[in-house]
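Okay, target.csv is below, CSV, C-alpha atoms:
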chain,number,residue,atom,x,y,z
A,219,MET,CA,104.1,-76.5,-46.7
A,220,ALA,CA,103.3,-72.8,-47.3
A,221,ASP,CA,105.3,-70.3,-45.3
A,222,ASP,CA,102.7,-68.0,-43.8
A,223,ALA,CA,105.2,-65.5,-42.4
A,224,VAL,CA,104.7,-62.0,-43.7
A,225,GLU,CA,106.4,-58.7,-43.0
A,226,LEU,CA,104.8,-55.2,-43.2
A,227,ILE,CA,107.0,-53.1,-45.5
A,228,PRO,CA,106.4,-49.3,-45.9
A,229,ALA,CA,105.6,-48.2,-49.4
A,230,GLU,CA,108.5,-45.8,-49.3
A,231,ARG,CA,111.0,-48.6,-48.7
A,232,MET,CA,109.5,-50.6,-51.6
A,233,LEU,CA,109.8,-47.6,-53.9
A,234,ALA,CA,113.4,-47.0,-52.9
A,235,CYS,CA,114.3,-50.7,-53.4
A,236,ILE,CA,112.8,-51.0,-56.8
A,237,GLU,CA,114.2,-47.7,-58.0
A,238,GLY,CA,117.7,-48.5,-56.7
A,239,VAL,CA,117.8,-52.0,-58.3
A,240,LEU,CA,116.6,-50.7,-61.7
A,241,VAL,CA,119.0,-47.7,-61.7
A,242,ALA,CA,121.9,-50.1,-60.9
A,243,LEU,CA,120.9,-52.1,-64.1
A,244,GLY,CA,121.1,-49.0,-66.3
A,245,VAL,CA,117.5,-47.7,-66.2
A,246,PRO,CA,117.3,-43.9,-66.1
A,247,ALA,CA,116.2,-42.6,-62.6
A,248,ALA,CA,113.0,-41.1,-63.9
A,249,ASP,CA,111.9,-44.3,-65.7
A,250,ALA,CA,112.8,-46.4,-62.7
A,251,ALA,CA,110.5,-44.2,-60.6
A,252,VAL,CA,107.6,-44.8,-63.1
A,253,VAL,CA,108.1,-48.6,-62.8
A,254,ALA,CA,108.4,-48.5,-59.0
A,255,GLU,CA,105.2,-46.5,-58.7
A,256,ALA,CA,103.3,-48.9,-60.9
A,257,LEU,CA,104.5,-52.0,-58.9
A,258,VAL,CA,103.9,-50.5,-55.5
A,259,GLU,CA,100.5,-49.2,-56.5
A,260,ALA,CA,99.5,-52.8,-57.4
A,261,ASP,CA,100.7,-54.0,-54.0
A,262,LEU,CA,99.0,-51.1,-52.2
A,263,THR,CA,95.6,-52.0,-53.8
A,264,GLY,CA,96.0,-55.7,-53.1
A,265,VAL,CA,96.9,-56.8,-56.6
A,266,ASP,CA,99.9,-58.6,-55.2
A,267,SER,CA,100.4,-60.8,-58.3
A,268,HIS,CA,101.5,-57.7,-60.2
A,269,GLY,CA,103.5,-56.0,-57.5
A,270,ILE,CA,107.0,-56.0,-56.3
A,271,HIS,CA,107.4,-59.7,-56.7
A,272,LEU,CA,107.8,-59.0,-60.4
A,273,LEU,CA,111.1,-57.2,-59.8
A,274,THR,CA,113.2,-60.4,-59.9
A,275,MET,CA,111.7,-61.2,-63.3
A,276,TYR,CA,112.5,-57.7,-64.6
A,277,VAL,CA,116.1,-58.1,-63.3
A,278,GLU,CA,116.5,-61.3,-65.2
A,279,ARG,CA,115.1,-59.9,-68.4
A,280,LEU,CA,117.2,-56.7,-68.2
A,281,ARG,CA,120.3,-58.8,-67.6
A,282,GLY,CA,119.4,-61.1,-70.4
A,283,GLY,CA,118.8,-58.3,-72.9
A,284,GLN,CA,115.1,-59.2,-73.3
A,285,ILE,CA,114.1,-55.8,-71.8
A,286,ARG,CA,116.1,-52.7,-72.8
A,287,PRO,CA,117.0,-50.5,-69.9
A,288,VAL,CA,116.5,-47.3,-71.9
A,289,THR,CA,112.9,-47.1,-73.3
A,290,ASP,CA,113.2,-45.4,-76.6
A,291,ILE,CA,109.7,-44.8,-77.9
A,292,THR,CA,109.2,-43.8,-81.5
A,293,VAL,CA,106.1,-42.6,-83.4
A,294,ILE,CA,105.1,-44.8,-86.3
A,295,ASP,CA,102.0,-42.8,-87.2
A,296,ASP,CA,100.2,-39.8,-85.8
A,297,SER,CA,96.8,-39.0,-87.2
A,298,GLY,CA,95.5,-36.8,-84.4
A,299,ALA,CA,92.9,-38.9,-82.7
A,300,THR,CA,95.0,-42.0,-83.4
A,301,VAL,CA,98.6,-42.5,-82.5
A,302,TRP,CA,100.8,-45.6,-83.1
A,303,LEU,CA,104.0,-46.1,-81.2
A,304,ASP,CA,106.9,-48.5,-81.0
A,305,ALA,CA,108.5,-49.1,-77.6
A,306,HIS,CA,111.4,-51.2,-78.9
A,307,LEU,CA,111.2,-53.6,-76.0
A,308,GLY,CA,111.7,-50.9,-73.4
A,309,LEU,CA,110.0,-51.1,-70.0
A,310,GLY,CA,106.3,-51.5,-70.3
A,311,GLN,CA,105.3,-49.2,-67.5
A,312,VAL,CA,107.3,-46.4,-69.1
A,313,ALA,CA,105.7,-47.0,-72.5
A,314,ALA,CA,102.3,-47.0,-70.9
A,315,ARG,CA,103.0,-43.7,-69.1
A,316,ARG,CA,104.0,-42.1,-72.5
A,317,ALA,CA,101.0,-43.6,-74.2
A,318,THR,CA,98.5,-42.3,-71.6
A,319,GLU,CA,100.0,-38.9,-71.6
A,320,VAL,CA,99.4,-38.8,-75.4
A,321,LEU,CA,96.0,-40.3,-74.9
A,322,VAL,CA,94.8,-37.7,-72.5
A,323,ASP,CA,95.9,-34.8,-74.7
A,324,ARG,CA,94.3,-36.3,-77.9
A,325,ALA,CA,91.1,-37.3,-76.2
A,326,THR,CA,90.7,-33.8,-74.8
A,327,ASP,CA,91.3,-32.4,-78.3
A,328,HIS,CA,89.2,-34.8,-80.3
A,329,GLY,CA,86.7,-36.2,-77.8
A,330,VAL,CA,87.9,-39.7,-78.4
A,331,ALA,CA,91.5,-41.1,-78.9
A,332,THR,CA,93.2,-44.4,-79.4
A,333,VAL,CA,96.9,-45.1,-78.8
A,334,ALA,CA,98.4,-48.4,-79.8
A,335,VAL,CA,101.9,-49.6,-78.9
A,336,ARG,CA,103.9,-52.4,-80.3
A,337,GLU,CA,107.0,-54.1,-78.9
A,338,ALA,CA,106.4,-53.2,-75.3
A,339,THR,CA,107.1,-55.4,-72.4
A,340,HIS,CA,105.2,-56.3,-69.2
A,341,LEU,CA,102.8,-53.4,-68.1
A,342,GLY,CA,102.1,-54.8,-64.7
A,343,ALA,CA,98.5,-54.1,-63.5
A,344,LEU,CA,96.6,-52.4,-66.2
A,345,GLY,CA,94.3,-50.7,-63.7
A,346,VAL,CA,97.2,-48.6,-62.5
A,347,HIS,CA,97.3,-47.0,-65.9
A,348,THR,CA,93.6,-46.7,-66.7
A,349,ARG,CA,93.0,-45.2,-63.2
A,350,ARG,CA,95.5,-42.4,-63.9
A,351,VAL,CA,93.5,-41.5,-67.0
A,352,ALA,CA,90.2,-41.6,-65.3
A,353,GLU,CA,91.5,-39.4,-62.5
A,354,GLN,CA,92.0,-36.8,-65.2
A,355,GLY,CA,88.3,-36.9,-66.2
A,356,LEU,CA,88.3,-39.4,-69.0
A,357,VAL,CA,86.7,-42.8,-69.5
A,358,CYS,CA,89.5,-45.2,-70.3
A,359,LEU,CA,89.9,-48.8,-71.7
A,360,CYS,CA,93.2,-50.7,-72.1
A,361,VAL,CA,93.9,-54.2,-73.6
A,362,GLN,CA,97.1,-56.0,-73.8
A,363,ASN,CA,98.4,-59.3,-75.2
A,364,GLY,CA,101.8,-61.0,-74.8
A,365,PRO,CA,103.8,-64.2,-74.8
A,366,THR,CA,101.8,-67.4,-75.7
A,367,VAL,CA,100.9,-69.2,-72.5
A,368,VAL,CA,97.2,-70.0,-73.0
A,369,PRO,CA,95.7,-72.4,-75.4
A,370,PRO,CA,92.4,-71.7,-77.2
A,371,HIS,CA,89.3,-73.0,-75.5
A,372,GLY,CA,89.4,-76.8,-75.8
A,373,GLY,CA,93.0,-76.9,-77.0
A,374,VAL,CA,96.4,-77.6,-75.5
A,375,THR,CA,98.7,-75.5,-77.8
A,376,PRO,CA,99.5,-72.2,-76.2
A,377,LEU,CA,98.6,-69.3,-78.6
A,378,PHE,CA,97.5,-66.5,-76.3
A,379,SER,CA,98.6,-64.6,-73.3
A,380,THR,CA,96.2,-64.0,-70.3
A,381,ASN,CA,95.1,-61.1,-72.4
A,382,PRO,CA,93.9,-58.7,-69.7
A,383,LEU,CA,91.6,-55.8,-70.1
A,384,SER,CA,90.9,-52.8,-67.8
A,385,TYR,CA,88.5,-49.9,-67.8
A,386,ALA,CA,88.3,-47.0,-65.4
A,387,VAL,CA,85.5,-44.4,-65.0
A,388,PRO,CA,85.7,-41.0,-63.2
A,389,THR,CA,83.6,-40.6,-60.1
A,390,GLY,CA,82.9,-37.8,-57.6
A,391,ARG,CA,82.2,-38.9,-54.0
A,392,HIS,CA,83.1,-42.5,-54.5
A,393,PRO,CA,86.5,-44.2,-55.4
A,394,THR,CA,87.3,-44.3,-59.1
A,395,ILE,CA,85.7,-47.3,-60.8
A,396,VAL,CA,88.6,-49.5,-61.9
A,397,TYR,CA,88.0,-52.9,-63.5
A,398,ASP,CA,91.1,-55.0,-64.2
A,399,ILE,CA,90.9,-58.6,-65.2
A,400,ALA,CA,92.7,-61.3,-67.1
A,401,THR,CA,90.4,-63.0,-69.6
A,402,THR,CA,91.7,-66.2,-68.2
A,403,ALA,CA,90.3,-67.4,-64.9
A,404,VAL,CA,93.4,-65.8,-63.1
A,405,ALA,CA,96.6,-64.1,-64.1
A,406,GLY,CA,99.5,-66.5,-64.6
A,407,ASN,CA,101.4,-64.6,-61.9
A,408,LYS,CA,98.9,-65.9,-59.4
A,409,ILE,CA,100.0,-69.5,-60.2
A,410,LEU,CA,103.7,-68.5,-59.9
A,411,LEU,CA,103.0,-66.7,-56.6
A,412,ALA,CA,101.2,-69.8,-55.2
A,413,GLN,CA,104.2,-71.9,-56.3
A,414,ARG,CA,106.7,-69.5,-54.7
A,415,ARG,CA,104.7,-69.5,-51.5
A,416,GLY,CA,104.6,-73.3,-51.5
A,417,ASP,CA,100.8,-73.4,-51.4
A,418,PRO,CA,99.8,-77.1,-51.9
A,419,THR,CA,96.6,-76.4,-53.9
A,420,ILE,CA,95.0,-73.7,-56.0
A,421,PRO,CA,91.3,-73.1,-56.5
A,422,GLU,CA,89.4,-75.3,-59.0
A,423,GLY,CA,89.0,-73.7,-62.4
A,424,TRP,CA,92.4,-71.8,-62.4
A,425,ALA,CA,94.6,-74.0,-64.5
A,426,ASN,CA,95.2,-77.3,-66.3
A,427,ASP,CA,98.2,-79.6,-66.1
A,428,GLU,CA,100.6,-80.0,-69.1
A,429,LYS,CA,98.1,-82.4,-70.8
A,430,GLY,CA,95.2,-79.9,-70.6
A,431,ARG,CA,93.5,-81.7,-67.7
A,432,PRO,CA,92.0,-79.5,-64.9
A,433,THR,CA,94.0,-79.6,-61.7
A,434,THR,CA,94.1,-78.0,-58.2
A,435,ASP,CA,97.7,-79.3,-57.5
A,436,THR,CA,99.9,-76.2,-57.4
A,437,ARG,CA,102.9,-78.2,-58.5
A,438,ALA,CA,101.1,-79.8,-61.5
A,439,ALA,CA,99.4,-76.5,-62.6
A,440,SER,CA,100.9,-75.0,-65.7
A,441,VAL,CA,101.1,-71.3,-66.5
A,442,TRP,CA,101.2,-72.6,-70.0
A,443,SER,CA,97.6,-74.0,-69.7
A,444,LEU,CA,95.5,-71.5,-67.8
A,445,GLN,CA,91.7,-71.8,-68.1
A,446,TRP,CA,89.5,-69.1,-69.6
A,447,PHE,CA,87.0,-67.5,-67.2
A,448,GLY,CA,83.5,-68.6,-68.2
A,449,GLY,CA,84.9,-71.0,-70.7
A,450,HIS,CA,84.1,-70.0,-74.3
A,451,LYS,CA,83.0,-66.5,-73.1
A,452,GLY,CA,86.4,-65.6,-71.7
A,453,TYR,CA,88.0,-67.1,-74.7
A,454,GLY,CA,85.9,-64.9,-77.0
A,455,LEU,CA,87.0,-61.7,-75.1
A,456,GLY,CA,90.6,-62.9,-75.0
A,457,LEU,CA,90.5,-63.3,-78.8
A,458,PHE,CA,89.2,-59.7,-79.2
A,459,VAL,CA,92.1,-58.5,-77.0
A,460,GLU,CA,94.6,-60.4,-79.1
A,461,ILE,CA,93.2,-58.6,-82.2
A,462,LEU,CA,93.2,-55.1,-80.7
A,463,ALA,CA,96.6,-55.4,-78.8
A,464,GLY,CA,98.5,-57.7,-81.2
A,465,VAL,CA,97.1,-57.7,-84.7
A,466,LEU,CA,95.9,-54.1,-84.8
A,467,ALA,CA,98.9,-52.7,-82.9
A,468,GLY,CA,101.4,-54.4,-85.3
A,469,SER,CA,102.9,-56.4,-82.4
A,470,SER,CA,103.4,-60.2,-82.0
A,471,PHE,CA,100.2,-62.3,-82.0
A,472,GLY,CA,99.5,-66.0,-81.9
A,473,ARG,CA,102.4,-67.8,-83.5
A,474,THR,CA,103.3,-64.7,-85.5
A,475,GLU,CA,106.1,-62.6,-84.1
A,476,HIS,CA,106.8,-59.0,-85.0
A,477,THR,CA,109.7,-59.5,-87.4
A,478,ASP,CA,110.9,-55.9,-87.8
A,479,SER,CA,112.4,-55.7,-84.4
A,480,ASP,CA,116.2,-55.7,-84.3
A,481,VAL,CA,116.0,-57.7,-81.0
A,482,HIS,CA,114.0,-60.5,-82.6
A,483,GLY,CA,115.0,-63.9,-81.3
A,484,ARG,CA,116.2,-62.8,-77.8
A,485,GLY,CA,113.2,-64.6,-76.2
A,486,ARG,CA,109.6,-63.7,-76.7
A,487,VAL,CA,108.7,-61.1,-74.0
A,488,ALA,CA,107.1,-58.5,-76.3
A,489,LYS,CA,103.6,-57.3,-75.6
A,490,GLY,CA,101.3,-55.0,-77.6
A,491,PHE,CA,98.7,-52.8,-76.0
A,492,THR,CA,96.0,-50.4,-77.0
A,493,PHE,CA,94.4,-47.6,-75.0
A,494,VAL,CA,91.1,-45.9,-75.8
A,495,ALA,CA,89.7,-42.8,-74.1
A,496,LEU,CA,86.4,-40.9,-74.3
A,497,ASP,CA,86.0,-37.3,-73.1
A,498,PRO,CA,82.7,-36.9,-71.3
A,499,ASP,CA,82.6,-33.2,-72.2
A,500,ARG,CA,81.5,-34.4,-75.7
A,501,PHE,CA,78.5,-36.0,-74.1
A,502,VAL,CA,76.9,-35.2,-70.7
A,503,GLY,CA,80.0,-33.3,-69.5
A,504,ARG,CA,82.7,-34.3,-67.0
A,505,ALA,CA,81.0,-32.9,-63.9
A,506,GLU,CA,77.7,-34.4,-64.9
A,507,LEU,CA,79.2,-37.8,-65.7
A,508,ARG,CA,80.8,-37.9,-62.2
A,509,ASP,CA,77.4,-37.0,-60.6
A,510,ARG,CA,75.6,-39.6,-62.7
A,511,VAL,CA,78.1,-42.3,-62.0
A,512,ASP,CA,78.0,-41.5,-58.2
A,513,ALA,CA,74.2,-41.9,-58.4
A,514,LEU,CA,74.5,-45.2,-60.1
A,515,ILE,CA,77.0,-46.4,-57.5
A,516,ASP,CA,74.6,-45.2,-54.8
A,517,ASP,CA,71.9,-47.4,-56.3
A,518,ILE,CA,74.2,-50.4,-56.5
A,519,VAL,CA,75.8,-50.3,-53.0
A,520,GLY,CA,72.4,-49.4,-51.5
A,521,SER,CA,70.6,-52.4,-53.1
A,522,ASP,CA,69.7,-55.4,-51.1
A,523,PRO,CA,72.4,-58.0,-50.7
A,524,ALA,CA,71.8,-61.7,-51.1
A,525,GLU,CA,71.7,-64.0,-48.1
A,526,GLY,CA,75.2,-64.4,-46.7
A,527,VAL,CA,76.6,-61.4,-48.6
A,528,GLU,CA,77.9,-58.7,-46.3
A,529,ARG,CA,77.9,-55.8,-48.7
A,530,ILE,CA,77.6,-54.9,-52.4
A,531,VAL,CA,80.5,-53.0,-54.0
A,532,VAL,CA,81.7,-51.8,-57.4
A,533,PRO,CA,85.1,-52.4,-59.0
A,534,GLY,CA,87.8,-50.3,-57.3
A,535,MET,CA,86.1,-49.9,-54.0
A,536,PHE,CA,87.9,-52.7,-52.1
A,537,GLU,CA,91.1,-51.7,-53.7
A,538,ALA,CA,90.8,-48.1,-52.5
A,539,GLU,CA,90.1,-49.3,-49.0
A,540,ARG,CA,93.1,-51.6,-49.0
A,541,ARG,CA,95.3,-48.8,-50.4
A,542,ALA,CA,94.4,-46.5,-47.5
A,543,ALA,CA,95.1,-49.2,-45.0
A,544,ARG,CA,98.4,-50.3,-46.5
A,545,LEU,CA,99.7,-46.8,-46.7
A,546,VAL,CA,99.4,-46.6,-43.0
A,547,ASP,CA,100.2,-50.1,-41.9
A,548,GLY,CA,102.6,-51.2,-44.6
A,549,VAL,CA,102.3,-53.8,-47.4
A,550,PRO,CA,102.3,-57.4,-46.2
A,551,LEU,CA,105.0,-59.3,-48.1
A,552,PRO,CA,105.9,-63.0,-47.6
A,553,THR,CA,109.2,-63.3,-45.7
A,554,PRO,CA,110.7,-65.6,-48.5
A,555,LEU,CA,110.0,-62.8,-51.0
A,556,VAL,CA,111.6,-60.2,-48.8
A,557,ASP,CA,114.6,-62.4,-48.4
A,558,ASP,CA,114.9,-62.8,-52.2
A,559,LEU,CA,114.5,-59.1,-53.0
A,560,ASP,CA,116.9,-58.0,-50.3
A,561,GLY,CA,119.5,-60.4,-51.7
A,562,VAL,CA,119.1,-58.9,-55.2
A,563,ALA,CA,119.2,-55.3,-53.8
A,564,ALA,CA,122.2,-55.9,-51.6
A,565,ALA,CA,124.1,-57.5,-54.5
A,566,LEU,CA,123.5,-54.4,-56.6
A,567,GLY,CA,124.1,-51.9,-53.8
A,568,ALA,CA,120.5,-50.8,-53.8
A,569,PRO,CA,118.3,-50.0,-50.7
A,570,THR,CA,116.9,-53.1,-49.2
A,571,LEU,CA,113.3,-53.6,-47.9
A,572,ARG,CA,114.4,-54.3,-44.4
A,573,PRO,CA,116.4,-51.5,-42.7
A,574,GLU,CA,120.1,-52.0,-42.9
A,575,GLU,CA,121.7,-53.0,-39.7
A,576,THR,CA,124.0,-50.4,-38.3

Structure translated into structure tokens:
Amino acid sequence: MADDAVELIPAERMLACIEGVLVALGVPAADAAVVAEALVEADLTGVDSHGIHLLTMYVERLRGGQIRPVTDITVIDDSGATVWLDAHLGLGQVAARRATEVLVDRATDHGVATVAVREATHLGALGVHTRRVAEQGLVCLCVQNGPTVVPPHGGVTPLFSTNPLSYAVPTGRHPTIVYDIATTAVAGNKILLAQRRGDPTIPEGWANDEKGRPTTDTRAASVWSLQWFGGHKGYGLGLFVEILAGVLAGSSFGRTEHTDSDVHGRGRVAKGFTFVALDPDRFVGRAELRDRVDALIDDIVGSDPAEGVERIVVPGMFEAERRAARLVDGVPLPTPLVDDLDGVAAALGAPTLRPEET
């Protein structure tokens, strides 16, 4: 039976816990802060599948040598508007921060820029990264592939990751538009989170069992057999993500692993990702774009809702509202998760989520 108990944890305590745990495992303090910010931002906006619950996975992979604590990023090629980087299995959020810093500079210089990264690890919620770029005035797209957990449409052999994509668009009066989805029906972490909570069922259309049969049984559901959203349509998008983030970026893809890595064979956790940014100043201008996007949003949210629909929104609106509320009230975390994370933190001498007893 699912444990419905939750605790409201302030964002500040979450940040301190994550940073403390990562630093104890050899991650430089500045990099630990980048990872902590990304995880907590996901939880603040309600993307709980990509929030602090991932910390235990990162701890296991850092201890197992599958993620390097020091993210050493090297430049493979720099052609001005295009930059190709290798993250050498460092922390994904740190690699994404470096990639987006380069992206903003180059898109501002050239009007458009693409930064591809091979041999990264888990980026968390892509929307955290695309939103940062959009808040600097650029239109941004990010795609990412990863370990093989999803079969092609109609198959049972895992060849793809959930292959997410995210875009973000600057606004003026309204919250930044941020669209962040897996090309599968859900992210695999939602299955894991449901299993951790003890939920007896998952929604129809999320996943298959080990034999590729659709299931709503949480225990039978396999993160190795997720369903594509929209069937062949999601599969087609997922394939394009695989090409941009894996094939083009020179990282692992399908059954083909990036063989140049000196950590090859430690367990496949590598991910490739590609960012693209457009500078509105080369078109209508940044200020004009914000005004025009605001006008479009006004048209959308002011349109007539269907029967039974309370309101019409655009991507990023609900998340902005949740973020404002959770910054005040705290982030609701399941009690079993808090227990697990506090156990990890205490063992490493890091700050816990619950206040220490005195």

Nearest to Arg540 of chain A, chosen from A:Gly264, A:Val258, A:Ala251, A:Thr380, with all atoms listed in the file counted in the distances:
A:Gly264

Need the shell around Asp497 of chain A: protein/DNA/RNA residues with any atom at most 10 Å away, counting all atoms listed in the file. Skip same-chain ones fewer than 5 positions apart. Format as a PyMOL selection string?
chain A and resi 322+324-331+352+354-358+502-504

Between atom CA of Pro533 of chain A and atom CA of Pro498 of chain A, what is the spacing in Å?
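Interatomic distance here is 19.9 Å.
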
Test item: residues at most 9 Å from Gly452 of chain A, all atoms listed in the file, excluding those fewer than 3 positions along its chain, as a list in words
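That gives His371, Ala400, Thr401, Thr402, Ala403, Gln445, Trp446, Phe447, Gly448, Gly449, Leu455, Gly456 and Leu457 of chain A.
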
Which is closest to Ile409 of chain A among A:Glu528, A:Pro376, A:Ser470, A:Ser267, if we use only C-alpha atoms?
A:Ser267

Counting all atoms listed in the file, closest pick from A:Gly342, A:Glu506, A:Glu278, A:Arg414 relative to Pro552 of chain A is A:Arg414

Quick one: residues within 6 Å of Tyr385 of chain A, all atoms listed in the file, excluding same-chain residues fewer than 5 positions away - as number ranges by chain?
A: 358-359, 396-397

Hey, can you check how far atom CA of Met535 of chain A sits from atom CA of Ala317 of chain A?
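Between atom CA of Met535 of chain A and atom CA of Ala317 of chain A the gap works out to 25.9 Å.
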
Using all atoms listed in the file, find the one residue out of A:Ala488, A:Ile227, A:Leu411, A:Leu383 that sits nearest to Leu309 of chain A.
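Nearest candidate to Leu309 of chain A out of A:Ala488, A:Ile227, A:Leu411, A:Leu383: A:Ala488.
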
Which polymer residues have any atom within 10 Å of an atom of Val312 of chain A, counting all atoms listed in the file, with same-chain residues fewer than 2 positions away left out, as a ChimeraX atom specification?
/A:248-253,256,288-291,305,308-310,314-317,338-339,341

Write a file of the selected residues as a CSV table (one decimal), in the coordinates of the input, keeping C-alpha atoms.
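See selection.csv below for the written result:
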chain,number,residue,atom,x,y,z
A,248,ALA,CA,113.0,-41.1,-63.9
A,249,ASP,CA,111.9,-44.3,-65.7
A,250,ALA,CA,112.8,-46.4,-62.7
A,251,ALA,CA,110.5,-44.2,-60.6
A,252,VAL,CA,107.6,-44.8,-63.1
A,253,VAL,CA,108.1,-48.6,-62.8
A,256,ALA,CA,103.3,-48.9,-60.9
A,288,VAL,CA,116.5,-47.3,-71.9
A,289,THR,CA,112.9,-47.1,-73.3
A,290,ASP,CA,113.2,-45.4,-76.6
A,291,ILE,CA,109.7,-44.8,-77.9
A,305,ALA,CA,108.5,-49.1,-77.6
A,308,GLY,CA,111.7,-50.9,-73.4
A,309,LEU,CA,110.0,-51.1,-70.0
A,310,GLY,CA,106.3,-51.5,-70.3
A,314,ALA,CA,102.3,-47.0,-70.9
A,315,ARG,CA,103.0,-43.7,-69.1
A,316,ARG,CA,104.0,-42.1,-72.5
A,317,ALA,CA,101.0,-43.6,-74.2
A,338,ALA,CA,106.4,-53.2,-75.3
A,339,THR,CA,107.1,-55.4,-72.4
A,341,LEU,CA,102.8,-53.4,-68.1

Can you pull out the residues contacting Ile518 of chain A? Cut-off 9 Å, using only C-alpha atoms, and skip same-chain residues under 6 positions away; I want them as a VMD selection string.
chain A and resid 530 to 532

Taking only C-alpha atoms into account, which of A:Pro287, A:Pro418, A:Pro550, A:Pro393 comes nearest Ala247 of chain A?
A:Pro287

For Ala223 of chain A, which residue among A:Gly298, A:Lys489, A:Arg415, A:Thr433 is the nearest when counting all atoms listed in the file?
A:Arg415

Atom CA of Thr492 of chain A to atom CA of Trp424 of chain A, distance in Å rounded to a single decimal
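Straight-line distance from atom CA of Thr492 of chain A to atom CA of Trp424 of chain A works out to 26.2 Å.
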